[in-house]
Structures are given as C-alpha cells and as structure tokens.
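> Got protein.cif for you, mmCIF, C-alpha atoms:
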```cif
data_start
loop_
_atom_site.label_atom_id
_atom_site.label_comp_id
_atom_site.auth_asym_id
_atom_site.auth_seq_id
_atom_site.Cartn_x
_atom_site.Cartn_y
_atom_site.Cartn_z
CA SER B 1 -54.10 -68.23 -6.71
CA ALA B 2 -54.68 -66.60 -10.08
CA TRP B 3 -56.41 -63.65 -8.32
CA ALA B 4 -53.76 -61.71 -6.45
CA GLU B 5 -54.98 -59.77 -3.41
CA PRO B 6 -54.92 -55.96 -3.71
CA PRO B 7 -51.91 -54.50 -1.87
CA TRP B 8 -54.14 -52.44 0.48
CA LEU B 9 -55.79 -55.54 1.99
CA PRO B 10 -54.20 -57.41 4.91
CA PRO B 11 -52.48 -60.60 3.70
CA THR B 12 -54.28 -63.90 4.13
CA ALA B 13 -52.81 -66.10 6.84
CA GLY B 14 -49.81 -67.99 5.55
CA THR B 15 -49.21 -65.64 2.64
CA LYS B 16 -46.86 -62.74 2.19
CA ARG B 17 -48.20 -59.29 1.39
CA PRO B 18 -47.06 -58.26 -2.07
CA LYS B 19 -44.65 -55.35 -2.10
CA VAL B 20 -45.50 -52.08 -3.79
CA SER B 21 -42.54 -49.94 -4.69
CA ARG B 22 -42.28 -46.43 -3.30
CA THR B 23 -41.76 -45.13 -6.84
CA ALA B 24 -45.07 -46.64 -7.98
CA LEU B 25 -46.93 -45.07 -5.06
CA GLN B 26 -45.35 -41.67 -5.69
CA THR B 27 -46.27 -41.89 -9.38
CA THR B 28 -49.91 -42.63 -8.52
CA ARG B 29 -50.07 -39.73 -6.06
CA THR B 30 -48.48 -37.37 -8.59
CA LYS B 31 -51.02 -38.35 -11.26
CA ARG B 32 -53.86 -37.71 -8.82
CA ARG B 33 -52.46 -34.29 -7.95
CA GLN B 34 -52.06 -33.48 -11.66
CA HIS B 35 -55.63 -34.60 -12.36
CA ARG B 36 -57.02 -32.39 -9.61
CA THR B 37 -54.88 -29.49 -10.79
CA GLN B 38 -56.07 -29.88 -14.39
CA THR B 39 -59.69 -29.96 -13.23
CA GLU B 40 -59.14 -26.87 -11.13
CA ARG B 41 -57.42 -25.11 -14.02
CA ARG B 42 -60.33 -25.87 -16.34
CA ALA B 43 -62.81 -24.56 -13.77
CA GLU B 44 -60.72 -21.41 -13.29
CA THR B 45 -60.52 -20.82 -17.05
CA ARG B 46 -64.28 -21.21 -17.35
CA ARG B 47 -64.90 -18.81 -14.45
CA LYS B 48 -62.61 -16.16 -15.97
CA LEU B 49 -64.41 -16.40 -19.31
CA LEU B 50 -67.83 -16.09 -17.69
CA ASP B 51 -66.80 -13.17 -15.48
CA ALA B 52 -65.31 -11.32 -18.46
CA THR B 53 -68.44 -11.97 -20.51
CA VAL B 54 -70.71 -10.53 -17.82
CA GLN B 55 -68.52 -7.43 -17.51
CA TYR B 56 -68.60 -6.76 -21.24
CA LEU B 57 -72.34 -7.40 -21.55
CA ILE B 58 -72.92 -4.67 -18.99
CA GLU B 59 -70.25 -2.29 -20.31
CA LEU B 60 -70.72 -2.70 -24.08
CA GLY B 61 -73.95 -4.59 -24.67
CA TYR B 62 -74.39 -7.86 -26.55
CA HIS B 63 -73.52 -6.81 -30.11
CA ARG B 64 -70.33 -4.94 -29.18
CA THR B 65 -69.14 -7.77 -26.96
CA THR B 66 -66.77 -9.96 -28.98
CA THR B 67 -65.02 -13.20 -28.14
CA SER B 68 -61.67 -11.52 -28.86
CA LEU B 69 -62.31 -8.92 -26.16
CA ILE B 70 -63.46 -11.60 -23.73
CA CYS B 71 -60.33 -13.69 -24.32
CA LYS B 72 -58.10 -10.67 -23.78
CA ARG B 73 -59.74 -9.65 -20.51
CA ALA B 74 -59.86 -13.21 -19.22
CA GLY B 75 -56.25 -13.88 -20.26
CA VAL B 76 -57.35 -16.98 -22.16
CA SER B 77 -56.52 -18.18 -25.67
CA ARG B 78 -59.22 -18.40 -28.33
CA GLY B 79 -58.66 -22.16 -28.50
CA ALA B 80 -59.38 -22.49 -24.79
CA LEU B 81 -62.54 -20.42 -25.18
CA LEU B 82 -63.79 -22.61 -28.04
CA HIS B 83 -63.06 -25.71 -25.99
CA HIS B 84 -65.48 -24.51 -23.29
CA PHE B 85 -67.93 -22.54 -25.43
CA PRO B 86 -68.18 -23.38 -29.14
CA THR B 87 -70.45 -20.38 -29.89
CA LYS B 88 -70.91 -16.85 -28.61
CA GLU B 89 -74.54 -17.69 -27.81
CA SER B 90 -73.57 -20.58 -25.53
CA LEU B 91 -71.03 -18.34 -23.77
CA VAL B 92 -73.39 -15.45 -22.99
CA ILE B 93 -76.22 -17.74 -21.86
CA ASP B 94 -73.89 -19.66 -19.54
CA ALA B 95 -72.73 -16.32 -18.16
CA ILE B 96 -76.31 -15.60 -17.06
CA TRP B 97 -76.50 -19.02 -15.38
CA HIS B 98 -73.16 -18.26 -13.72
CA LEU B 99 -74.65 -15.12 -12.14
CA PHE B 100 -77.85 -16.91 -11.25
CA ALA B 101 -75.94 -19.64 -9.39
CA GLN B 102 -74.21 -16.97 -7.30
CA ARG B 103 -77.56 -15.44 -6.34
CA VAL B 104 -78.93 -18.87 -5.38
CA ARG B 105 -76.02 -19.44 -3.01
CA GLU B 106 -76.62 -16.05 -1.42
CA LEU B 107 -80.34 -16.78 -1.11
CA ASP B 108 -79.66 -20.06 0.68
CA LEU B 109 -77.51 -18.20 3.20
CA ASP B 110 -80.17 -15.52 3.72
CA PHE B 111 -82.84 -18.11 4.46
CA GLU B 112 -80.77 -19.65 7.24
CA LYS B 113 -81.51 -16.49 9.26
CA VAL B 114 -85.33 -16.59 9.12
CA THR B 115 -87.79 -19.06 10.58
CA THR B 116 -91.47 -18.15 10.19
CA PRO B 117 -93.32 -18.50 6.85
CA GLU B 118 -94.03 -14.77 6.73
CA GLN B 119 -90.36 -13.97 7.33
CA ARG B 120 -89.35 -16.36 4.56
CA LEU B 121 -91.74 -14.72 2.12
CA GLU B 122 -90.53 -11.24 3.06
CA ALA B 123 -86.91 -12.36 2.69
CA LEU B 124 -87.73 -13.77 -0.72
CA LEU B 125 -89.27 -10.50 -1.89
CA ASP B 126 -86.24 -8.57 -0.60
CA HIS B 127 -83.96 -10.99 -2.41
CA MET B 128 -85.95 -10.42 -5.61
CA TRP B 129 -85.57 -6.65 -5.18
CA VAL B 130 -81.80 -6.94 -4.70
CA ALA B 131 -81.50 -9.16 -7.78
CA PHE B 132 -83.14 -6.49 -9.94
CA PHE B 133 -81.54 -3.38 -8.48
CA SER B 134 -78.22 -4.24 -6.83
CA THR B 135 -76.63 -7.03 -8.88
CA PRO B 136 -75.43 -7.35 -12.50
CA LEU B 137 -77.77 -10.30 -13.15
CA PHE B 138 -80.73 -8.27 -14.42
CA TRP B 139 -78.66 -5.94 -16.60
CA ALA B 140 -76.74 -8.75 -18.25
CA ALA B 141 -79.98 -10.63 -18.91
CA LEU B 142 -81.65 -7.49 -20.24
CA GLU B 143 -78.93 -7.11 -22.85
CA LEU B 144 -79.70 -10.59 -24.15
CA TRP B 145 -83.48 -10.05 -24.17
CA VAL B 146 -83.16 -6.86 -26.21
CA ALA B 147 -80.63 -8.36 -28.63
CA ALA B 148 -82.78 -11.48 -29.11
CA ARG B 149 -85.58 -9.36 -30.57
CA THR B 150 -83.63 -8.95 -33.82
CA ASP B 151 -81.11 -11.82 -33.56
CA GLU B 152 -82.84 -15.07 -34.50
CA THR B 153 -79.92 -17.32 -33.56
CA LEU B 154 -79.64 -15.79 -30.10
CA ARG B 155 -83.41 -15.97 -29.60
CA GLN B 156 -83.53 -19.67 -30.47
CA ASN B 157 -80.76 -20.37 -27.96
CA LEU B 158 -82.16 -18.04 -25.31
CA GLU B 159 -85.78 -19.24 -25.24
CA PRO B 160 -85.12 -22.77 -23.85
CA ALA B 161 -82.56 -21.38 -21.40
CA GLU B 162 -85.11 -18.82 -20.16
CA ARG B 163 -87.77 -21.51 -19.69
CA LYS B 164 -85.35 -23.66 -17.73
CA LEU B 165 -84.25 -20.69 -15.62
CA ALA B 166 -87.83 -19.65 -14.88
CA LYS B 167 -88.75 -23.19 -13.86
CA THR B 168 -85.73 -23.37 -11.56
CA VAL B 169 -86.54 -19.99 -10.02
CA TRP B 170 -90.20 -20.76 -9.34
CA SER B 171 -89.58 -24.23 -7.91
CA GLY B 172 -86.80 -22.88 -5.69
CA TRP B 173 -88.83 -19.94 -4.45
CA THR B 174 -91.83 -22.13 -3.72
CA ALA B 175 -89.67 -24.60 -1.81
CA LEU B 176 -88.03 -21.85 0.23
CA ALA B 177 -90.95 -19.57 1.01
CA GLY B 178 -94.08 -21.48 0.05
CA LYS B 179 -93.92 -24.06 2.81
CA GLY B 180 -96.12 -22.77 5.59
CA VAL B 181 -97.29 -19.77 3.57
CA ALA B 182 -99.32 -21.78 1.06
CA ARG B 183 -101.36 -23.55 3.74
CA ASN B 184 -104.12 -24.67 1.37
CA ARG B 185 -105.07 -24.50 -2.30
CA GLU B 186 -106.44 -20.97 -2.05
CA THR B 187 -103.42 -19.49 -0.27
CA ALA B 188 -101.12 -21.46 -2.58
CA ARG B 189 -102.76 -19.82 -5.60
CA ARG B 190 -102.48 -16.36 -4.01
CA PHE B 191 -98.85 -17.05 -3.15
CA GLN B 192 -97.98 -17.97 -6.76
CA ASP B 193 -99.87 -14.94 -8.10
CA ALA B 194 -98.12 -12.64 -5.63
CA LEU B 195 -94.69 -13.91 -6.70
CA ALA B 196 -95.51 -13.60 -10.40
CA LEU B 197 -96.85 -10.07 -10.02
CA SER B 198 -93.86 -9.09 -7.88
CA TRP B 199 -91.47 -10.44 -10.51
CA HIS B 200 -93.10 -8.50 -13.36
CA MET B 201 -93.50 -5.31 -11.33
CA MET B 202 -89.88 -5.24 -10.20
CA ARG B 203 -88.60 -6.01 -13.68
CA GLY B 204 -90.56 -3.07 -15.07
CA MET B 205 -89.33 -0.78 -12.30
CA ALA B 206 -85.74 -1.88 -12.96
CA VAL B 207 -86.05 -0.95 -16.64
CA GLN B 208 -87.15 2.54 -15.60
CA LYS B 209 -83.81 2.91 -13.83
CA ILE B 210 -82.16 3.29 -17.24
CA LEU B 211 -83.61 6.81 -17.52
CA LYS B 212 -84.26 7.64 -13.87
CA GLU B 213 -81.47 6.76 -11.45
CA ASP B 214 -83.13 7.92 -8.23
CA ASP B 215 -84.61 4.88 -6.46
CA ALA B 216 -86.35 6.76 -3.63
CA GLU B 217 -89.86 6.57 -5.12
CA ARG B 218 -89.35 3.02 -6.30
CA ARG B 219 -88.28 1.94 -2.83
CA ARG B 220 -91.37 3.59 -1.33
CA LEU B 221 -93.65 1.83 -3.80
CA TYR B 222 -91.87 -1.45 -3.13
CA ARG B 223 -92.58 -1.15 0.60
CA VAL B 224 -96.26 -0.51 -0.19
CA TRP B 225 -96.36 -3.48 -2.54
CA LYS B 226 -94.65 -5.78 -0.04
CA SER B 227 -97.28 -4.99 2.58
CA PHE B 228 -99.99 -5.91 0.04
CA VAL B 229 -98.28 -9.23 -0.74
CA LEU B 230 -97.77 -10.22 2.88
CA GLN B 231 -101.38 -9.36 3.64
CA SER B 232 -102.69 -11.30 0.63
CA VAL B 233 -101.33 -14.67 1.77
CA LYS B 234 -102.65 -14.48 5.33
CA PRO B 235 -105.45 -16.96 6.14
CA ARG B 236 -108.93 -15.56 5.62
#
```
Output the structure of this file as structure tokens.

Amino acid sequence: SAWAEPPWLPPTAGTKRPKVSRTALQTTRTKRRQHRTQTERRAETRRKLLDATVQYLIELGYHRTTTSLICKRAGVSRGALLHHFPTKESLVIDAIWHLFAQRVRELDLDFEKVTTPEQRLEALLDHMWVAFFSTPLFWAALELWVAARTDETLRQNLEPAERKLAKTVWSGWTALAGKGVARNRETARRFQDALALSWHMMRGMAVQKILKEDDAERRRLYRVWKSFVLQSVKPR
C-alpha cells in the first residue's frame, strides 16, 4: 500500500510492523524536552521582566523607571526585553495585568471558602480592600495614571488597557458575588451601584495613605460602609 501505517498502530494481519530506530525515538523525545524547556525559559524571562518592572514602578515611579534598570534587575539582556516588549508602555501595562492575574487567582481561592450570597459579597468587598491597601497592584497602577496625565503616548496605550481591565473586573465580580445577591432587576442595580461606589471610595481612601499612614480610621469607616452595602442588597 502507498499509505504506510503509523508505527504506533498495531500491524494489520499478515503485515509486519515497521521498525522505528531507538535513535529516532530518542531524537524526538529530546526535541520535545527542548521545546518545553524553551517555552518555560521564555515564560521565566517574561515573569522576571514583569516583576522587576513592578518593583521599580513602586520604588522609583514611572518616569525614573528605565528599561536598562529593569534588564539589570531581571538579569535579562536588552534584546530579550525587546523581544517580549517592544516599548516601555507595553511593558508597564503588561506588568499591571501580571499583578491583576495574581489577584484573580487569590480571589478564586478565597471564594472556595464561602457559600451564601451575602458571604460572597462580603468576601468580595474584603478582597477589594486588600487589593487597595495590602498589595502592590494599586500603587503600580497609580504611578501609570499620574504619569499618563502629561504623557500622551502612555495615555493612549493605557486607556484601552484600563477599559479592558475594568470590564474584566466587573464581569468577574458579578459572576462571583452577584449570583444570588442580585435576585431581581432592582437588587441587581443596587448591587452594581454598591460595587461601583465601593471601588471609588476605596481608591480615594488609598490615595490618602500617601500622606497619612495610619489606617485605623479608614478601617473603621470601611466596616461602617460594608454594613451599608450588605444592607442595601437585602430584599425589600
């Protein structure tokens, strides 16, 4: 037959299974291992660049953060950086997404521990609070927002990324906490309003932390606000 059977199939009756040399099999396995290793190396290089970028955004701010410093801290050549991120703008924006993805994974784990709709909403608010006050995500993003006010190139790159991030956040939050809480159109509207107001309130409170480190009063006000939110979405 002109169509030889693949060597991994059992031979047809009356035919001999074609032989595959051990050398050929070893070569194939080696190539697969090399391919996986190269993929892993690329992912590791990317992670190092993003981690270094986040660290410098927080330590030095956007304008003082340079690609040369990032390469040095990450232990990566400039050519490797340009292969992954052709511009500084693409690098810093991907760094924010990198942090955001970490928070999403943590949020998924947190939600495995709660069951009722009210507990899910409370867990979501607590997660929001942690994101603003106990992780580098807000501070890295804040550096980009402030820099974008006077940097037109950064602003043009940041605006679509922010819209995409906001859409991802809202759809994810609604999927996680909204089911069961938003029982009808009225409670659904109150739920969305409560999340939006919580987001803006916490962001403003986080900015205040720049000049006032003590969180005691902010934590007290957050507890008051959370009770308002949980009460607002209860059936009337």
> With the cut-off set at 9 Å and counting all atoms listed in the file, tabulate each residue of segment 93-150 of chain B with an atom at most that distance from an atom of segment 203-226 of chain B, showing the nearest atom pair and its distance in Å to one decimal, ordered by chain and increasing number, as JSON lines.

```
{"residue": "B:Glu122", "atom": "CA", "partner": "B:Lys226", "partner_atom": "CA", "distance": 7.5}
{"residue": "B:Leu125", "atom": "CA", "partner": "B:Lys226", "partner_atom": "CA", "distance": 7.4}
{"residue": "B:Asp126", "atom": "CA", "partner": "B:Lys226", "partner_atom": "CA", "distance": 8.9}
{"residue": "B:Trp129", "atom": "CA", "partner": "B:Tyr222", "partner_atom": "CA", "distance": 8.4}
{"residue": "B:Phe132", "atom": "CA", "partner": "B:Ala206", "partner_atom": "CA", "distance": 6.1}
{"residue": "B:Phe133", "atom": "CA", "partner": "B:Ala206", "partner_atom": "CA", "distance": 6.3}
{"residue": "B:Phe138", "atom": "CA", "partner": "B:Arg203", "partner_atom": "CA", "distance": 8.2}
{"residue": "B:Trp139", "atom": "CA", "partner": "B:Val207", "partner_atom": "CA", "distance": 8.9}
{"residue": "B:Leu142", "atom": "CA", "partner": "B:Val207", "partner_atom": "CA", "distance": 8.7}
```
> List the neighbours of Leu137 of chain B out to 10 Å using all atoms listed in the file; skip same-chain residues closer than 6 positions along the sequence, and give me the result as a list in words.
Val54, Ile58, Ala95, Ile96, Trp97, His98, Leu99, Phe100, Gln102, Arg103, Val130 and Ala131 of chain B
> Work out how far apart atom CA of Met202 of chain B and atom CA of Asp151 of chain B are and give it in Å to one decimal.
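Taking atom CA of Met202 of chain B and atom CA of Asp151 of chain B, their separation equals 25.8 Å.
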> On this file, the PyMOL selection byres ((chain B and resi 82-92) around 9) gives some set of residues; write that set as a list in words.
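For this structure, the PyMOL selection byres ((chain B and resi 82-92) around 9) resolves to Arg42, Thr45, Arg46, Leu49, Leu50, Thr53, Val54, Leu57, Tyr62, Thr66, Thr67, Ser77, Arg78, Gly79, Ala80, Leu81, Ile93, Asp94, Ala95, Ile96, Trp97, Ala140, Leu144, Thr153, Leu154, Asn157 and Leu158 of chain B.
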> Env of Glu159 of chain B: 10 Å cut, atoms = only C-alpha atoms, seq-sep filter 5 positions within chain, self excluded. Answer as a PyMOL selection string.
chain B and resi 145+148+154+164-165
> Evaluate the PyMOL selection byres ((chain B and resi 229-234) around 10) on the structure here and hand back the selected residues as a short mmCIF file (atom, residue, chain, number, x, y, z; two decimals) with C-alpha atoms, in the coordinates of the input.

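This is the output file result33.cif:
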```cif
data_model
loop_
_atom_site.label_atom_id
_atom_site.label_comp_id
_atom_site.auth_asym_id
_atom_site.auth_seq_id
_atom_site.Cartn_x
_atom_site.Cartn_y
_atom_site.Cartn_z
CA GLU B 118 -94.03 -14.77 6.73
CA GLN B 119 -90.36 -13.97 7.33
CA LEU B 121 -91.74 -14.72 2.12
CA GLU B 122 -90.53 -11.24 3.06
CA LEU B 125 -89.27 -10.50 -1.89
CA VAL B 181 -97.29 -19.77 3.57
CA ALA B 182 -99.32 -21.78 1.06
CA ARG B 183 -101.36 -23.55 3.74
CA GLU B 186 -106.44 -20.97 -2.05
CA THR B 187 -103.42 -19.49 -0.27
CA ALA B 188 -101.12 -21.46 -2.58
CA ARG B 189 -102.76 -19.82 -5.60
CA ARG B 190 -102.48 -16.36 -4.01
CA PHE B 191 -98.85 -17.05 -3.15
CA GLN B 192 -97.98 -17.97 -6.76
CA ASP B 193 -99.87 -14.94 -8.10
CA ALA B 194 -98.12 -12.64 -5.63
CA LEU B 195 -94.69 -13.91 -6.70
CA LEU B 197 -96.85 -10.07 -10.02
CA SER B 198 -93.86 -9.09 -7.88
CA ARG B 223 -92.58 -1.15 0.60
CA VAL B 224 -96.26 -0.51 -0.19
CA TRP B 225 -96.36 -3.48 -2.54
CA LYS B 226 -94.65 -5.78 -0.04
CA SER B 227 -97.28 -4.99 2.58
CA PHE B 228 -99.99 -5.91 0.04
CA PRO B 235 -105.45 -16.96 6.14
CA ARG B 236 -108.93 -15.56 5.62
#
```
> Could you tell me how far atom CA of Ser68 of chain B sits from atom CA of Pro136 of chain B, in Å to one decimal place?
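Interatomic distance, atom CA of Pro136 of chain B to atom CA of Ser68 of chain B: 21.8 Å.
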